[in-house]
file work-v8.tsv (TSV, C-alpha atoms)
chain	number	residue	atom	x	y	z
A	1	MET	CA	132.48	104.07	112.69
A	2	PRO	CA	130.27	105.51	109.90
A	3	ARG	CA	126.63	106.30	110.45
A	4	ALA	CA	124.43	103.33	109.63
A	5	GLY	CA	122.50	105.14	106.91
A	6	GLY	CA	125.69	106.39	105.28
A	7	GLN	CA	127.18	102.97	104.59
A	8	SER	CA	126.09	102.90	100.95
A	9	LYS	CA	124.31	104.96	98.33
A	10	LEU	CA	123.43	101.80	96.42
A	11	ASN	CA	119.98	100.23	96.59
A	12	ALA	CA	121.49	97.23	98.33
A	13	PHE	CA	123.00	96.12	101.62
A	14	VAL	CA	126.79	96.50	101.36
A	15	ASP	CA	128.72	94.60	104.03
A	16	LEU	CA	131.89	96.46	105.04
A	17	GLY	CA	132.99	93.77	107.45
A	18	TYR	CA	130.50	94.35	110.26
A	19	SER	CA	130.83	92.23	113.38
A	20	PRO	CA	128.09	89.61	113.79
A	21	GLY	CA	125.39	90.53	116.28
A	22	ARG	CA	124.11	93.99	117.09
A	23	ASP	CA	126.60	95.81	114.85
A	24	PHE	CA	125.61	93.79	111.78
A	25	ALA	CA	121.89	94.13	112.57
A	26	LYS	CA	122.10	97.91	112.96
A	27	PHE	CA	123.64	98.40	109.52
A	28	LEU	CA	121.28	95.88	107.94
A	29	PHE	CA	118.21	97.67	109.32
A	30	ALA	CA	119.57	101.04	108.13
A	31	SER	CA	120.22	99.72	104.61
A	32	PRO	CA	117.75	99.69	101.69
A	33	GLU	CA	116.78	96.15	102.77
A	34	PHE	CA	114.43	97.74	105.33
A	35	ASN	CA	112.26	100.73	104.53
A	36	VAL	CA	111.26	103.36	107.05
A	37	VAL	CA	107.62	102.25	107.07
A	38	THR	CA	108.68	98.76	108.17
A	39	LEU	CA	110.99	100.11	110.88
A	40	ARG	CA	108.24	102.35	112.25
A	41	ARG	CA	105.94	99.33	112.50
A	42	LEU	CA	108.56	97.51	114.54
A	43	VAL	CA	109.83	100.36	116.72
A	44	LYS	CA	107.71	102.96	118.49
A	45	SER	CA	107.97	106.22	116.57
A	46	TRP	CA	109.12	109.42	118.22
A	47	LYS	CA	109.41	112.99	116.98
A	48	GLY	CA	112.49	113.78	114.96
A	49	ALA	CA	113.58	110.15	114.63
A	50	ARG	CA	115.70	109.27	111.56
A	51	LYS	CA	116.13	105.91	109.92
A	52	ASP	CA	119.46	105.50	111.73
A	53	ASP	CA	117.66	106.00	115.04
A	54	TYR	CA	115.09	103.32	114.25
A	55	ALA	CA	117.83	100.93	113.11
A	56	SER	CA	119.88	101.45	116.27
A	57	GLU	CA	116.84	101.01	118.53
A	58	LEU	CA	115.63	97.89	116.72
A	59	SER	CA	119.09	96.27	116.85
A	60	SER	CA	119.23	96.97	120.59
A	61	GLN	CA	115.79	95.46	121.17
A	62	LEU	CA	116.76	92.39	119.15
A	63	GLU	CA	119.97	91.93	121.15
A	64	ASN	CA	118.15	92.37	124.47
A	65	GLY	CA	115.37	89.95	123.55
A	66	ASN	CA	112.68	92.65	123.64
A	67	ILE	CA	111.50	91.79	120.14
A	68	ALA	CA	111.24	88.33	118.59
A	69	PRO	CA	113.30	87.66	115.44
A	70	LYS	CA	110.23	86.11	113.78
A	71	ARG	CA	108.38	89.41	114.05
A	72	ILE	CA	111.20	91.25	112.25
A	73	LEU	CA	111.43	88.50	109.64
A	74	ARG	CA	107.69	88.65	108.90
A	75	ALA	CA	107.86	92.43	108.44
A	76	TRP	CA	110.92	92.04	106.19
A	77	VAL	CA	109.56	89.37	103.86
A	78	THR	CA	106.20	91.13	103.39
A	79	GLN	CA	107.66	94.45	102.26
A	80	PRO	CA	106.61	95.42	98.70
A	81	ARG	CA	109.44	95.18	96.19
A	82	ARG	CA	109.99	96.34	92.63
A	83	TRP	CA	110.44	93.03	90.80
A	84	LEU	CA	108.24	89.93	90.67
A	85	SER	CA	108.17	86.56	88.92
A	86	LEU	CA	105.40	83.99	89.38
A	87	LYS	CA	104.94	80.28	88.87
A	88	LEU	CA	101.87	78.12	89.39
A	89	GLY	CA	101.95	74.65	90.93
A	90	ASN	CA	101.50	72.64	94.12
A	91	PRO	CA	104.27	71.95	96.65
A	92	LYS	CA	104.53	68.38	97.88
A	93	VAL	CA	106.45	69.35	101.01
A	94	LEU	CA	107.30	72.53	102.91
A	95	PRO	CA	110.87	71.81	103.96
A	96	ARG	CA	112.78	73.28	106.86
A	97	LEU	CA	115.90	74.83	105.38
A	98	GLU	CA	118.55	77.01	107.03
A	99	PRO	CA	117.32	78.99	110.08
A	100	PRO	CA	116.37	82.48	108.84
A	101	ASP	CA	117.00	84.20	112.20
A	102	GLN	CA	120.74	84.23	111.55
A	103	LEU	CA	120.29	86.55	108.54
A	104	LEU	CA	119.44	89.39	110.95
A	105	THR	CA	122.78	89.26	112.74
A	106	SER	CA	125.24	87.70	110.26
A	107	PHE	CA	125.96	87.66	106.53
A	108	GLY	CA	125.09	84.01	105.93
A	109	GLY	CA	125.73	82.05	102.75
A	110	ASP	CA	124.41	81.64	99.22
A	111	GLN	CA	121.46	79.39	100.01
A	112	TRP	CA	117.78	79.26	100.94
A	113	TYR	CA	116.57	80.01	104.47
A	114	GLY	CA	113.17	79.39	106.01
A	115	PRO	CA	110.38	79.05	106.25
A	116	VAL	CA	109.14	82.25	107.82
A	117	LEU	CA	105.59	81.52	108.96
A	118	ASP	CA	102.50	83.60	109.58
A	119	GLN	CA	99.88	81.45	111.26
A	120	ASP	CA	97.17	84.11	110.90
A	121	GLN	CA	97.55	84.24	107.11
A	122	ASN	CA	98.46	80.58	106.62
A	123	ALA	CA	101.42	81.87	104.62
A	124	ARG	CA	105.06	80.94	104.44
A	125	TRP	CA	108.13	82.54	102.91
A	126	TYR	CA	111.68	81.49	102.13
A	127	ILE	CA	114.67	83.81	101.80
A	128	ARG	CA	117.51	83.39	99.29
A	129	THR	CA	120.69	85.42	99.77
A	130	GLN	CA	123.42	85.83	97.18
A	131	THR	CA	126.90	87.32	97.60
A	132	VAL	CA	127.77	89.89	94.92
A	133	PRO	CA	131.32	91.35	94.79
A	134	HIS	CA	131.44	95.13	94.77
A	135	TRP	CA	134.26	97.68	94.55
A	136	ARG	CA	134.03	100.92	96.53
A	137	VAL	CA	135.99	103.89	95.22
A	138	SER	CA	137.12	106.79	97.37
A	139	GLY	CA	139.35	109.21	95.50
A	140	LYS	CA	142.02	107.08	93.85
A	141	THR	CA	141.58	104.18	96.25
A	142	ALA	CA	139.40	101.15	95.46
A	143	THR	CA	138.49	98.67	98.16
A	144	GLN	CA	136.53	95.45	97.75
A	145	ALA	CA	133.31	94.87	99.67
A	146	ARG	CA	130.39	92.52	99.18
A	147	ILE	CA	126.71	93.02	98.60
A	148	ARG	CA	124.15	90.66	100.08
A	149	TRP	CA	121.31	90.46	97.58
A	150	THR	CA	118.04	89.11	98.95
A	151	VAL	CA	115.23	87.36	97.05
A	152	ILE	CA	111.99	86.50	98.84
A	153	ALA	CA	109.87	83.46	97.88
A	154	GLU	CA	106.21	83.25	98.89
A	155	VAL	CA	104.88	79.70	98.74
A	156	SER	CA	101.19	78.78	98.78
A	157	ASP	CA	99.21	75.70	97.82
A	158	SER	CA	98.92	77.05	94.27
A	159	HIS	CA	101.76	79.48	93.52
A	160	LEU	CA	105.42	80.32	94.02
A	161	ALA	CA	106.30	84.02	93.82
A	162	LEU	CA	109.81	85.46	93.87
A	163	SER	CA	110.21	89.17	94.59
A	164	TRP	CA	113.32	91.31	94.85
A	165	ASP	CA	114.84	94.76	94.44
A	166	ASN	CA	117.55	95.28	91.88
A	167	PHE	CA	120.65	97.43	92.28
A	168	THR	CA	123.70	98.79	90.52
A	169	HIS	CA	127.21	97.80	91.51
A	170	LYS	CA	130.82	98.08	90.46
A	171	GLU	CA	131.90	94.63	89.31
A	172	LEU	CA	135.59	95.13	88.59
A	173	GLU	CA	138.22	97.43	90.06
A	174	GLU	CA	139.38	98.70	86.65
A	175	HIS	CA	135.91	99.59	85.37
A	176	GLY	CA	134.79	103.12	86.08
A	177	GLY	CA	131.00	103.01	86.21
A	178	LEU	CA	128.22	101.18	87.99
A	179	SER	CA	126.23	98.55	86.13
A	180	GLN	CA	122.81	97.03	86.71
A	181	TYR	CA	122.93	93.63	88.34
A	182	GLN	CA	121.82	91.03	85.80
A	183	PHE	CA	119.24	89.25	87.93
A	184	TRP	CA	117.85	87.29	84.96
A	185	ASN	CA	120.91	85.04	85.17
A	186	ASP	CA	120.10	84.01	88.77
A	187	ILE	CA	116.31	83.97	89.13
A	188	PRO	CA	115.77	80.82	86.97
A	189	PHE	CA	118.32	78.96	89.12
A	190	PHE	CA	116.67	80.20	92.33
A	191	PHE	CA	113.34	78.90	91.05
A	192	SER	CA	114.69	75.47	90.14
A	193	ASP	CA	116.69	75.18	93.36
A	194	LEU	CA	113.68	75.87	95.59
A	195	GLU	CA	111.36	73.79	93.39
A	196	GLY	CA	113.66	70.84	94.02
A	197	ASP	CA	113.06	71.23	97.77
A	198	LEU	CA	109.32	71.82	97.42
A	199	GLY	CA	108.65	69.07	94.88
A	200	GLY	CA	105.74	69.25	92.47
A	201	THR	CA	105.54	70.75	88.98
A	202	TRP	CA	105.81	74.50	88.46
A	203	GLU	CA	105.16	76.59	85.35
A	204	HIS	CA	105.02	80.29	84.54
A	205	PRO	CA	101.53	81.50	83.61
A	206	VAL	CA	101.01	82.61	79.99
A	207	LEU	CA	101.53	86.26	80.84
A	208	HIS	CA	101.15	87.76	77.35
A	209	LYS	CA	97.74	86.08	76.94
A	210	LEU	CA	96.64	87.22	80.38
A	211	VAL	CA	97.63	90.84	79.68
A	212	LEU	CA	96.77	91.26	75.99
A	213	ASP	CA	93.65	89.10	75.90
A	214	ASP	CA	92.06	88.51	79.30
A	215	LEU	CA	92.82	91.77	81.11
A	216	TRP	CA	92.35	93.80	77.93
A	217	SER	CA	88.89	92.35	77.41
A	218	ALA	CA	87.92	92.77	81.07
A	219	TYR	CA	89.07	96.37	81.59
A	220	MET	CA	89.66	98.19	78.30
A	221	MET	CA	85.98	98.50	77.39
A	222	ASN	CA	84.75	98.94	80.96
A	223	PRO	CA	83.82	102.59	81.62
A	224	GLU	CA	84.54	102.12	85.33
A	225	TYR	CA	88.26	101.77	84.59
A	226	ALA	CA	90.95	103.76	82.78
A	227	TRP	CA	93.63	101.78	80.90
A	228	GLN	CA	96.78	103.68	79.98
A	229	HIS	CA	99.42	102.45	77.52
A	230	ILE	CA	102.85	103.48	78.80
A	231	ARG	CA	105.63	101.62	76.97
A	232	ILE	CA	106.27	98.81	74.54
A	233	ARG	CA	109.58	97.19	73.72
A	234	ALA	CA	109.54	95.52	70.31
A	235	GLU	CA	111.98	94.03	67.82
A	236	ARG	CA	110.46	95.14	64.52
A	237	SER	CA	110.49	98.51	62.87
A	238	GLY	CA	107.10	100.20	62.72
A	239	VAL	CA	105.16	103.34	63.36
A	240	ALA	CA	107.10	106.00	65.28
A	241	LEU	CA	109.94	103.51	65.79
A	242	SER	CA	113.51	103.90	64.59
A	243	ALA	CA	114.65	100.34	63.97
A	244	ARG	CA	117.97	99.26	65.37
A	245	SER	CA	120.16	96.70	63.70
A	246	ALA	CA	120.16	94.55	66.82
A	247	GLY	CA	118.45	94.48	70.17
A	248	VAL	CA	115.17	95.88	71.37
A	249	ALA	CA	113.75	99.32	70.64
A	250	GLU	CA	110.90	101.25	72.19
A	251	VAL	CA	107.69	101.95	70.29
A	252	ASP	CA	105.95	105.31	70.57
A	253	VAL	CA	102.61	104.01	71.88
A	254	GLU	CA	100.93	107.40	71.47
A	255	GLY	CA	101.83	107.45	67.77
A	256	LEU	CA	100.68	103.87	67.39
A	257	ALA	CA	97.34	104.72	68.98
A	258	LYS	CA	96.87	107.67	66.62
A	259	LEU	CA	97.49	105.41	63.64
A	260	THR	CA	95.01	102.74	64.75
A	261	ARG	CA	92.38	105.44	65.30
A	262	LYS	CA	92.83	106.69	61.74
A	263	LEU	CA	92.69	103.15	60.39
A	264	ALA	CA	89.51	102.47	62.38
A	265	GLU	CA	87.85	105.61	61.04
A	266	SER	CA	88.86	104.76	57.48
A	267	ALA	CA	87.74	101.13	57.68
A	268	SER	CA	84.45	101.94	59.39
A	269	GLY	CA	83.67	104.68	56.88
A	270	ALA	CA	84.31	102.30	54.00
A	271	VAL	CA	81.60	99.92	55.25
A	272	GLY	CA	79.19	102.58	56.41
A	273	ILE	CA	79.77	102.38	60.18
A	274	GLN	CA	79.29	105.77	61.82
A	275	ALA	CA	78.57	105.08	65.48
A	276	GLU	CA	81.42	106.30	67.68
A	277	ARG	CA	81.05	103.30	69.98
A	278	ASP	CA	81.64	100.89	67.08
A	279	ILE	CA	84.58	102.91	65.78
A	280	ARG	CA	86.19	102.75	69.25
A	281	LYS	CA	85.77	98.97	69.29
A	282	ILE	CA	87.52	98.68	65.93
A	283	ASP	CA	90.24	101.05	67.12
A	284	ARG	CA	90.93	99.01	70.26
A	285	ALA	CA	90.95	95.73	68.32
A	286	LEU	CA	93.49	97.16	65.85
A	287	LEU	CA	95.68	98.53	68.64
A	288	ARG	CA	95.65	95.23	70.52
A	289	THR	CA	96.56	93.33	67.35
A	290	MET	CA	99.45	95.67	66.62
A	291	ILE	CA	100.75	95.53	70.18
A	292	ARG	CA	100.33	91.77	70.39
A	293	ASP	CA	101.73	90.92	66.96
A	294	TRP	CA	104.39	93.60	66.62
A	295	GLY	CA	107.20	91.52	68.04
A	296	THR	CA	106.48	92.86	71.52
A	297	ASN	CA	108.83	91.56	74.21
A	298	SER	CA	107.47	93.68	77.04
A	299	TYR	CA	104.60	96.06	77.68
A	300	GLU	CA	103.98	98.57	80.46
A	301	PHE	CA	100.48	99.73	81.29
A	302	SER	CA	98.30	100.88	84.16
A	303	ILE	CA	94.69	100.35	85.22
A	304	ASP	CA	92.90	102.86	87.43
A	305	ARG	CA	89.40	102.84	88.86
A	306	ARG	CA	87.19	105.77	87.95
A	307	ASP	CA	85.31	106.99	90.99
A	308	ALA	CA	83.24	110.15	90.59
A	309	GLY	CA	85.79	111.54	88.17
A	310	LYS	CA	88.75	110.54	90.35
A	311	TYR	CA	91.22	107.73	89.80
A	312	GLY	CA	92.08	104.93	92.21
A	313	LYS	CA	95.29	103.05	91.55
A	314	LEU	CA	94.63	99.39	90.71
A	315	PHE	CA	97.61	98.02	88.78
A	316	ARG	CA	100.74	99.24	87.04
A	317	ALA	CA	103.69	97.16	85.90
A	318	HIS	CA	106.10	96.66	83.04
A	319	CYS	CA	105.43	93.06	81.99
A	320	TYR	CA	108.33	91.14	80.46
A	321	PHE	CA	106.75	88.18	78.69
A	322	GLY	CA	109.81	85.90	78.66
A	323	LEU	CA	109.24	84.90	75.04
A	324	ARG	CA	112.95	84.87	74.12
A	325	PRO	CA	114.63	82.28	76.38
A	326	GLU	CA	117.54	82.03	73.95
A	327	LEU	CA	118.62	85.60	74.70
A	328	GLU	CA	121.01	86.56	77.48
A	329	ASN	CA	119.08	89.57	78.69
A	330	GLU	CA	115.93	90.46	80.62
A	331	ASP	CA	113.67	89.22	77.80
A	332	SER	CA	114.70	85.64	78.59
A	333	LEU	CA	112.82	85.72	81.91
A	334	GLN	CA	109.10	86.21	82.51
A	335	HIS	CA	108.79	88.85	85.21
A	336	LEU	CA	107.24	92.19	86.13
A	337	MET	CA	108.75	95.50	87.16
A	338	CYS	CA	106.09	96.77	89.57
A	339	SER	CA	105.26	100.35	90.45
A	340	LEU	CA	105.72	101.08	94.15
A	341	ALA	CA	103.11	103.84	93.82
A	342	TYR	CA	100.63	101.05	93.00
A	343	GLY	CA	101.70	98.81	95.88
A	344	GLY	CA	104.78	97.17	94.36
A	345	SER	CA	105.19	93.42	94.00
A	346	LYS	CA	102.67	92.66	96.74
A	347	SER	CA	99.71	94.35	95.03
A	348	ALA	CA	100.78	93.24	91.54
A	349	GLN	CA	100.95	89.63	92.70
A	350	GLU	CA	97.47	89.77	94.21
A	351	PHE	CA	96.08	91.35	91.03
A	352	ILE	CA	97.68	88.83	88.66
A	353	LEU	CA	96.75	85.80	90.76
A	354	GLY	CA	93.21	87.10	91.05
A	355	HIS	CA	92.84	87.01	87.25
A	356	LEU	CA	94.48	83.66	86.48
call {"tool": "encode", "arguments": {"input": "work-v8.tsv", "output": "structure tokens"}}
result
Amino acid sequence: MPRAGGQSKLNAFVDLGYSPGRDFAKFLFASPEFNVVTLRRLVKSWKGARKDDYASELSSQLENGNIAPKRILRAWVTQPRRWLSLKLGNPKVLPRLEPPDQLLTSFGGDQWYGPVLDQDQNARWYIRTQTVPHWRVSGKTATQARIRWTVIAEVSDSHLALSWDNFTHKELEEHGGLSQYQFWNDIPFFFSDLEGDLGGTWEHPVLHKLVLDDLWSAYMMNPEYAWQHIRIRAERSGVALSARSAGVAEVDVEGLAKLTRKLAESASGAVGIQAERDIRKIDRALLRTMIRDWGTNSYEFSIDRRDAGKYGKLFRAHCYFGLRPELENEDSLQHLMCSLAYGGSKSAQEFILGHL
């Protein structure tokens, strides 16, 4: 029997045919589905313990009834993840779907489970699992396994948030390399499927307006915060951008910022404006216009608090605006790739909802 932590190098839970019960739970807890911080919260820490040790101990406690499944489920669903997609609306009902406890000890099916409740926070979550075929290669031998991909839905009286971690996998036996799982094909269906159970009307917020108008106005000019441009993905050729005949290219934001500064200085000089504060305002307005109107499909940025010369992490994400629903790629879906250093999907969700 392999060590629990050695069952896969992928950022996913790979089922190699584990027996339901303690065996399945041990390998699930040791997989990327559970991080070490979560396991330490659930199992008393001891010196020299590895993730495998925590997973083995937690699976034993679950089997012996020394820890309630609902406690493990709450810790699991509240973990920060890398990817996030939000909708606003009001559920008419909070249905009871498949029992989520079984996901801790067996593979389950491609369906929604829940709810997982937290009475203290008046919160509820649903869990969607999806089977993804995967080929494992050892030497010249390829064997088929299956990945269980998990998407978490948080439901409140005003929003529905899906969060997940993505992974690479080997789709076909004859293909050599790993490929990114194309989650944008599944997330819209997961939304509509759960919305059908919840009832009500659900819509994505206007993310590009929130980011490029509302947040920009609130934080860019505020000396208490530092806004950093990190990456833009655009479709048009422009400054410091080598146009491609098809698809999306990345814009050199630093070069774009240098250009807008020169334009601001030139324009302000032409009308007799000399104050640095006014020139900076013109510069920022030009940069926002170019970012917003340059065929931008996604934009990554960060906001930090300035505190006595130090920086406190507030928000960082790559925002995909979902403005191209006709495309069969990630630009068809409104979502965010969240920085784990800034709190992942959990913190990004709180920040976005707090500004809507």
call {"tool": "closest_residue", "arguments": {"input": "work-v8.tsv", "among": "A:Gln121, A:Gln228, A:Asn66, A:Thr296", "to": "Tyr311 of chain A", "atoms": "only C-alpha atoms"}}
result
A:Gln228
call {"tool": "closest_atom_pairs", "arguments": {"input": "work-v8.tsv", "of": "segment 107-174 of chain A", "to": "segment 10-25 of chain A", "cutoff": "6 Å", "atoms": "all atoms listed in the file", "output": "CSV"}}
result
residue,atom,partner,partner_atom,distance
A:Ala145,CA,A:Leu16,CA,5.8
A:Arg146,CA,A:Asp15,CA,5.5
A:Ile147,CA,A:Val14,CA,4.4
A:Arg148,CA,A:Phe13,CA,5.8
A:Phe167,CA,A:Asn11,CA,5.2
call {"tool": "atom_distance", "arguments": {"input": "work-v8.tsv", "atom1": "atom CA of Ile303 of chain A", "atom2": "atom CA of His229 of chain A"}}
result
9.3 Å
call {"tool": "atom_distance", "arguments": {"input": "work-v8.tsv", "atom1": "atom CA of Ala49 of chain A", "atom2": "atom CA of Arg81 of chain A"}}
result
24.1 Å
call {"tool": "axis_aligned_box", "arguments": {"input": "work-v8.tsv", "around": "segment 73-92 of chain A", "padding_each_side": "3 Å", "output": "AutoDock Vina command-line options"}}
result
--center_x 106.5 --center_y 82.4 --center_z 99.3 --size_x 15.9 --size_y 34.0 --size_z 26.8
call {"tool": "residues_around", "arguments": {"input": "work-v8.tsv", "residues": "Thr168 of chain A", "least_positions_apart": "6", "cutoff": "12 Å", "atoms": "all atoms listed in the file", "output": "VMD selection string"}}
result
chain A and resid 8 to 14 132 to 135 147 149 177 to 183
call {"tool": "closest_residue", "arguments": {"input": "work-v8.tsv", "among": "A:Pro69, A:Gly48, A:Gly344, A:Pro80", "to": "Asn35 of chain A", "atoms": "only C-alpha atoms"}}
result
A:Pro80
call {"tool": "residues_around", "arguments": {"input": "work-v8.tsv", "residues": "Ala68 of chain A", "least_positions_apart": "4", "cutoff": "12 Å", "atoms": "only C-alpha atoms", "output": "ChimeraX atom specification"}}
result
/A:42,58-64,72-75,101,104
call {"tool": "write_last_selection", "arguments": {"input": "work-v8.tsv", "atoms": "C-alpha atoms", "output": "PDB file, keeping the file's coordinate frame"}}
result
ATOM      1  CA  LEU A  42     108.560  97.510 114.540  1.00  0.00           C
ATOM      2  CA  LEU A  58     115.630  97.890 116.720  1.00  0.00           C
ATOM      3  CA  SER A  59     119.090  96.270 116.850  1.00  0.00           C
ATOM      4  CA  SER A  60     119.230  96.970 120.590  1.00  0.00           C
ATOM      5  CA  GLN A  61     115.790  95.460 121.170  1.00  0.00           C
ATOM      6  CA  LEU A  62     116.760  92.390 119.150  1.00  0.00           C
ATOM      7  CA  GLU A  63     119.970  91.930 121.150  1.00  0.00           C
ATOM      8  CA  ASN A  64     118.150  92.370 124.470  1.00  0.00           C
ATOM      9  CA  ILE A  72     111.200  91.250 112.250  1.00  0.00           C
ATOM     10  CA  LEU A  73     111.430  88.500 109.640  1.00  0.00           C
ATOM     11  CA  ARG A  74     107.690  88.650 108.900  1.00  0.00           C
ATOM     12  CA  ALA A  75     107.860  92.430 108.440  1.00  0.00           C
ATOM     13  CA  ASP A 101     117.000  84.200 112.200  1.00  0.00           C
ATOM     14  CA  LEU A 104     119.440  89.390 110.950  1.00  0.00           C
TER      15      LEU A 104
END
call {"tool": "atom_distance", "arguments": {"input": "work-v8.tsv", "atom1": "atom CA of Gln334 of chain A", "atom2": "atom CA of Gln349 of chain A"}}
result
13.5 Å
call {"tool": "decode", "arguments": {"input": "work-v8.tsv", "residues": "segment 186-207 of chain A", "atoms": "C-alpha atoms", "output": "compact mmCIF listing (two decimals), in the first residue's frame"}}
result
# COMPACT_ATOMS: atom_id res chain seq x y z
CA ASP A 186 -18.50 22.88 -16.19
CA ILE A 187 -18.94 25.87 -13.88
CA PRO A 188 -21.88 27.42 -15.84
CA PHE A 189 -23.71 24.07 -15.67
CA PHE A 190 -22.98 23.74 -11.93
CA PHE A 191 -24.45 27.21 -11.41
CA SER A 192 -27.62 26.49 -13.38
CA ASP A 193 -28.06 23.05 -11.79
CA LEU A 194 -27.90 24.40 -8.23
CA GLU A 195 -29.95 27.49 -9.13
CA GLY A 196 -32.71 25.14 -10.24
CA ASP A 197 -32.78 23.63 -6.74
CA LEU A 198 -32.52 26.98 -4.96
CA GLY A 199 -35.03 28.85 -7.11
CA GLY A 200 -34.89 32.61 -7.54
CA THR A 201 -33.05 34.69 -10.14
CA TRP A 202 -29.26 34.84 -10.19
CA GLU A 203 -26.92 37.12 -12.14
CA HIS A 204 -23.18 37.76 -12.22
CA PRO A 205 -22.22 41.22 -10.96
CA VAL A 206 -20.78 43.64 -13.55
CA LEU A 207 -17.22 42.83 -12.61
